[in-house]
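Data block below; observations after.
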Amino acid sequence: MNSKKIYFASDVHLGAPGIKNHREHEIRFVSWLDSVKNDAAEIYLMGDIFDFWFEYKKVVPRGFTRFLGKLSEITDSGIPVHFFTGNHDIWVFNYLSSECGVIVHREPVVKTIYGKKYFLAHGDGLGNYDKHYNFLKSVFTNKFAQWLFSWIHPNFGIGLADFWSGKSRDKNNKIYGSHYLGDDKEYSVLYAKDVLKEQAIDYFIFGHRHVARTVSVGPESQLIFLGDWIQHFSYAVIENNSVELKYFNS
Ligand SMILES: [Mn+2]
């Protein structure tokens, strides 16, 4: 039996325009990190932690200092923190890994944890279900496009990042009120079922959809939607070899 727990959270959207009190929002998530760090073997941040982010060679966006400080404190203490990029923070490059010590993932990760097989991803652009989105993503993840973009003055560049963030939001209208579309319509569920045809997975853990729920995707497989830190303040924890969705009360 493993006494140390493994935690997952996503979609904090630090700095999102609709959030009334940014300081309170940031502190709430930092309090959660504080509350889990003592019994955590690892922490997985599953994407869209920032509502937008673009980093230049010598410059990073203003703000988020309490969060960044907490990340550094946790990784300095020897607890691995995994940071998946989401569609809102695809432009995390090497600052968070070099300064805050997190392990950055840009692609889904399949790994065995305490004897169970996990498929971990932010959840955007999985498979070939949303061709329009996948095309946009291919542009925004293009190295040359990113290099060109980095030459735009940050006052304008960050504005463009903000635009992309707003566009993602409008398209899915998911930040400020999302509802589950049904097993037959959710791309993540369809994708998980595709994956299961190729390999056995016990748990899929995805963010992105801002719904907090567990869905059965096969006789032995579950998909956990992590919810968010705008409405749900939800997270998942691996404890005693099972996964549970929980809600943080600060
Ligand atoms: Mn997302």
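In the structure tokens, each chain is lettered A, B, ... as it comes, each chain's residues begin at 1, and ligands are numbered from 1 in order of appearance.
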Once you count only C-alpha atoms and all ligand atoms, what closest atom pair and distance in Å to one decimal does each residue of chain A within 10 Å of ligand 1 have, with rows by chain and rising residue number, as JSON lines?
```
{"residue": "A:Ser10", "atom": "CA", "partner": "ligand 1", "partner_atom_place_in_ligand_line": "1 (Mn)", "distance": 8.5}
{"residue": "A:Asp11", "atom": "CA", "partner": "ligand 1", "partner_atom_place_in_ligand_line": "1 (Mn)", "distance": 6.5}
{"residue": "A:Val12", "atom": "CA", "partner": "ligand 1", "partner_atom_place_in_ligand_line": "1 (Mn)", "distance": 9.8}
{"residue": "A:His13", "atom": "CA", "partner": "ligand 1", "partner_atom_place_in_ligand_line": "1 (Mn)", "distance": 8.9}
{"residue": "A:Met46", "atom": "CA", "partner": "ligand 1", "partner_atom_place_in_ligand_line": "1 (Mn)", "distance": 9.2}
{"residue": "A:Gly47", "atom": "CA", "partner": "ligand 1", "partner_atom_place_in_ligand_line": "1 (Mn)", "distance": 6.5}
{"residue": "A:Asp48", "atom": "CA", "partner": "ligand 1", "partner_atom_place_in_ligand_line": "1 (Mn)", "distance": 5.4}
{"residue": "A:Ile49", "atom": "CA", "partner": "ligand 1", "partner_atom_place_in_ligand_line": "1 (Mn)", "distance": 9.0}
{"residue": "A:Phe50", "atom": "CA", "partner": "ligand 1", "partner_atom_place_in_ligand_line": "1 (Mn)", "distance": 10.0}
{"residue": "A:Asp51", "atom": "CA", "partner": "ligand 1", "partner_atom_place_in_ligand_line": "1 (Mn)", "distance": 9.1}
{"residue": "A:Thr85", "atom": "CA", "partner": "ligand 1", "partner_atom_place_in_ligand_line": "1 (Mn)", "distance": 8.9}
{"residue": "A:Gly86", "atom": "CA", "partner": "ligand 1", "partner_atom_place_in_ligand_line": "1 (Mn)", "distance": 5.2}
{"residue": "A:Asn87", "atom": "CA", "partner": "ligand 1", "partner_atom_place_in_ligand_line": "1 (Mn)", "distance": 4.9}
{"residue": "A:His88", "atom": "CA", "partner": "ligand 1", "partner_atom_place_in_ligand_line": "1 (Mn)", "distance": 6.1}
{"residue": "A:Asp89", "atom": "CA", "partner": "ligand 1", "partner_atom_place_in_ligand_line": "1 (Mn)", "distance": 8.6}
{"residue": "A:Ile90", "atom": "CA", "partner": "ligand 1", "partner_atom_place_in_ligand_line": "1 (Mn)", "distance": 9.8}
{"residue": "A:His122", "atom": "CA", "partner": "ligand 1", "partner_atom_place_in_ligand_line": "1 (Mn)", "distance": 6.6}
{"residue": "A:Gly123", "atom": "CA", "partner": "ligand 1", "partner_atom_place_in_ligand_line": "1 (Mn)", "distance": 7.0}
{"residue": "A:Asp124", "atom": "CA", "partner": "ligand 1", "partner_atom_place_in_ligand_line": "1 (Mn)", "distance": 6.1}
{"residue": "A:Gly125", "atom": "CA", "partner": "ligand 1", "partner_atom_place_in_ligand_line": "1 (Mn)", "distance": 9.6}
{"residue": "A:Ser165", "atom": "CA", "partner": "ligand 1", "partner_atom_place_in_ligand_line": "1 (Mn)", "distance": 9.5}
{"residue": "A:Ser168", "atom": "CA", "partner": "ligand 1", "partner_atom_place_in_ligand_line": "1 (Mn)", "distance": 8.1}
{"residue": "A:Arg169", "atom": "CA", "partner": "ligand 1", "partner_atom_place_in_ligand_line": "1 (Mn)", "distance": 8.7}
{"residue": "A:Asn172", "atom": "CA", "partner": "ligand 1", "partner_atom_place_in_ligand_line": "1 (Mn)", "distance": 9.4}
{"residue": "A:Lys174", "atom": "CA", "partner": "ligand 1", "partner_atom_place_in_ligand_line": "1 (Mn)", "distance": 8.7}
{"residue": "A:Ile175", "atom": "CA", "partner": "ligand 1", "partner_atom_place_in_ligand_line": "1 (Mn)", "distance": 8.7}
{"residue": "A:Phe206", "atom": "CA", "partner": "ligand 1", "partner_atom_place_in_ligand_line": "1 (Mn)", "distance": 9.6}
{"residue": "A:Gly207", "atom": "CA", "partner": "ligand 1", "partner_atom_place_in_ligand_line": "1 (Mn)", "distance": 6.7}
{"residue": "A:His208", "atom": "CA", "partner": "ligand 1", "partner_atom_place_in_ligand_line": "1 (Mn)", "distance": 3.6}
{"residue": "A:Arg209", "atom": "CA", "partner": "ligand 1", "partner_atom_place_in_ligand_line": "1 (Mn)", "distance": 6.6}
{"residue": "A:His210", "atom": "CA", "partner": "ligand 1", "partner_atom_place_in_ligand_line": "1 (Mn)", "distance": 8.1}
{"residue": "A:Asp228", "atom": "CA", "partner": "ligand 1", "partner_atom_place_in_ligand_line": "1 (Mn)", "distance": 9.8}
```
Item to check | DSSP strand (DSSP E or B) selection over region 89-227 of chain A, as number ranges by chain | outcome: A: 103-105, 109-113, 116-121, 203-206, 212-218, 221-226
May I have a table of the residues of region 121-208 of chain A lying at most 10 Å from region 55-60 of chain A, giving each one's closest pair of atoms and their distance in Å to one decimal, counting only C-alpha atoms, ordered by chain and ascending residue number, as JSON lines?
```
{"residue": "A:Gln146", "atom": "CA", "partner": "A:Tyr56", "partner_atom": "CA", "distance": 9.9}
{"residue": "A:Trp147", "atom": "CA", "partner": "A:Tyr56", "partner_atom": "CA", "distance": 9.4}
{"residue": "A:Phe149", "atom": "CA", "partner": "A:Tyr56", "partner_atom": "CA", "distance": 9.5}
{"residue": "A:Ser150", "atom": "CA", "partner": "A:Tyr56", "partner_atom": "CA", "distance": 6.1}
{"residue": "A:Trp151", "atom": "CA", "partner": "A:Tyr56", "partner_atom": "CA", "distance": 8.7}
{"residue": "A:Ile152", "atom": "CA", "partner": "A:Tyr56", "partner_atom": "CA", "distance": 9.9}
{"residue": "A:His153", "atom": "CA", "partner": "A:Tyr56", "partner_atom": "CA", "distance": 9.8}
{"residue": "A:Pro154", "atom": "CA", "partner": "A:Tyr56", "partner_atom": "CA", "distance": 8.3}
{"residue": "A:Gly157", "atom": "CA", "partner": "A:Glu55", "partner_atom": "CA", "distance": 9.9}
{"residue": "A:Ile158", "atom": "CA", "partner": "A:Glu55", "partner_atom": "CA", "distance": 9.1}
```
File of the preceding selection, N, CA and C atoms, as an mmCIF file, in the first residue's frame:
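Result file follows (out-v4.cif):
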```cif
data_model
loop_
_atom_site.group_PDB
_atom_site.id
_atom_site.type_symbol
_atom_site.label_atom_id
_atom_site.label_comp_id
_atom_site.auth_asym_id
_atom_site.auth_seq_id
_atom_site.Cartn_x
_atom_site.Cartn_y
_atom_site.Cartn_z
ATOM 1 N N GLN A 146 6.310 30.791 -33.842
ATOM 2 C CA GLN A 146 6.590 31.267 -32.480
ATOM 3 C C GLN A 146 7.771 32.238 -32.474
ATOM 4 N N TRP A 147 8.772 31.925 -33.291
ATOM 5 C CA TRP A 147 9.963 32.789 -33.362
ATOM 6 C C TRP A 147 9.588 34.155 -33.941
ATOM 7 N N PHE A 149 6.667 35.505 -33.865
ATOM 8 C CA PHE A 149 5.804 36.158 -32.884
ATOM 9 C C PHE A 149 6.620 36.812 -31.772
ATOM 10 N N SER A 150 7.734 36.168 -31.421
ATOM 11 C CA SER A 150 8.535 36.675 -30.308
ATOM 12 C C SER A 150 9.165 38.031 -30.625
ATOM 13 N N TRP A 151 9.166 38.414 -31.915
ATOM 14 C CA TRP A 151 9.737 39.717 -32.285
ATOM 15 C C TRP A 151 8.730 40.854 -32.176
ATOM 16 N N ILE A 152 7.485 40.504 -31.921
ATOM 17 C CA ILE A 152 6.485 41.550 -31.684
ATOM 18 C C ILE A 152 6.670 42.068 -30.259
ATOM 19 N N HIS A 153 6.614 43.373 -30.085
ATOM 20 C CA HIS A 153 6.771 43.938 -28.747
ATOM 21 C C HIS A 153 5.729 43.334 -27.792
ATOM 22 N N PRO A 154 6.140 42.947 -26.571
ATOM 23 C CA PRO A 154 5.213 42.295 -25.628
ATOM 24 C C PRO A 154 3.901 43.049 -25.415
ATOM 25 N N GLY A 157 2.235 41.743 -28.326
ATOM 26 C CA GLY A 157 2.310 40.273 -28.391
ATOM 27 C C GLY A 157 1.407 39.615 -27.361
ATOM 28 N N ILE A 158 1.476 40.110 -26.125
ATOM 29 C CA ILE A 158 0.633 39.544 -25.069
ATOM 30 C C ILE A 158 -0.836 39.801 -25.415
#
```
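Between Leu196 (chain A) and the residues A:His179, A:Leu148, A:His132, A:Phe119, the shortest atom-to-atom distance, using only C-alpha atoms, involves A:Phe119.
Within the 7 Å cut-off around Phe8 (chain A), using only C-alpha atoms and omitting residues fewer than 3 positions from it on the same chain, the listed residues are Ile43, Tyr44, Leu45, Met46, Tyr235, Ala236 and Val237 of chain A.
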Next on the checklist: I need the residue nearest His22 (chain A) from this list: A:Phe64, A:Trp53, A:Lys193, A:Ile224. Use only C-alpha atoms for the distance.
Outcome noted: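 When distances to His22 (chain A) are compared using only C-alpha atoms, the smallest one comes from A:Phe64.
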Checklist entry - What lies within 12 Å of Asp130 (chain A) using only C-alpha atoms, ignoring chain neighbours under 6 positions off, as a count of residues only? => result 12
Checklist entry - Do you have the CA of Val211 (chain A)-CA of Gly115 (chain A) distance handy? => result 27.1 Å
Next on the checklist: Between A:Ala121, A:Gln222, A:Trp91, A:Gln199, which residue has the minimum interatomic distance to Val139 (chain A), considering only C-alpha atoms?
Outcome noted: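 Going through A:Ala121, A:Gln222, A:Trp91, A:Gln199 one by one, the smallest distance to Val139 (chain A) is for A:Trp91.
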Checklist entry - Can you list every residue in region 11-230 of chain A that DSSP puts in helix (DSSP H, G or I), as a VMD selection string? => result chain A and resid 22 to 39 65 to 76 95 to 100 131 to 140 143 to 149 154 to 172 187 to 198
Next on the checklist: Neighbouring residues of Thr214 (chain A) were defined as those with any atom within 10 Å, considering only C-alpha atoms; residues of the same chain fewer than 2 positions away were excluded. Please report them as a list of chain:residue names.
Outcome noted: A:Tyr203, A:Phe204, A:Ile205, A:Val211, A:Ala212, A:Ser216, A:Val217, A:Gln222, A:Leu223, A:Ile224, A:Phe225, A:Leu226, A:Val243, A:Glu244, A:Leu245
Item to check | CA of Ala161 (chain A) to CA of Phe135 (chain A), distance in Å rounded to a single decimal | outcome: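 Going from CA of Ala161 (chain A) over to CA of Phe135 (chain A), I get 17.0 Å.
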Next on the checklist: Set the distance at 6 Å and use only C-alpha atoms: which residues neighbour Ile238 (chain A) once local chain neighbours fewer than 4 positions away are removed? I'd like the list as number ranges by chain.
Outcome noted: A: 5-6, 242-243
Next on the checklist: Restricting the calculation to only C-alpha atoms: of A:Leu71, A:Ile79, A:Val195, A:Val109, which residue gets closest to Leu96 (chain A)?
Outcome noted: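 Residue with the minimum atom-to-atom distance to Leu96 (chain A): A:Leu71.
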Item to check | Nearest-residue call for Tyr180 (chain A), choices A:Arg213, A:Val102, A:Glu239, A:Phe233, using only C-alpha atoms | outcome: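 Using only C-alpha atoms, the shortest distance to Tyr180 (chain A) belongs to A:Arg213.
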Checklist entry - Contacts of Glu73 (chain A) at 10 Å or less, counting only C-alpha atoms, minus same-chain residues fewer than 3 places along, as JSON, numbers by chain? => result {"A": [34, 37, 67, 68, 69, 70, 76, 77, 78, 79, 100, 101]}
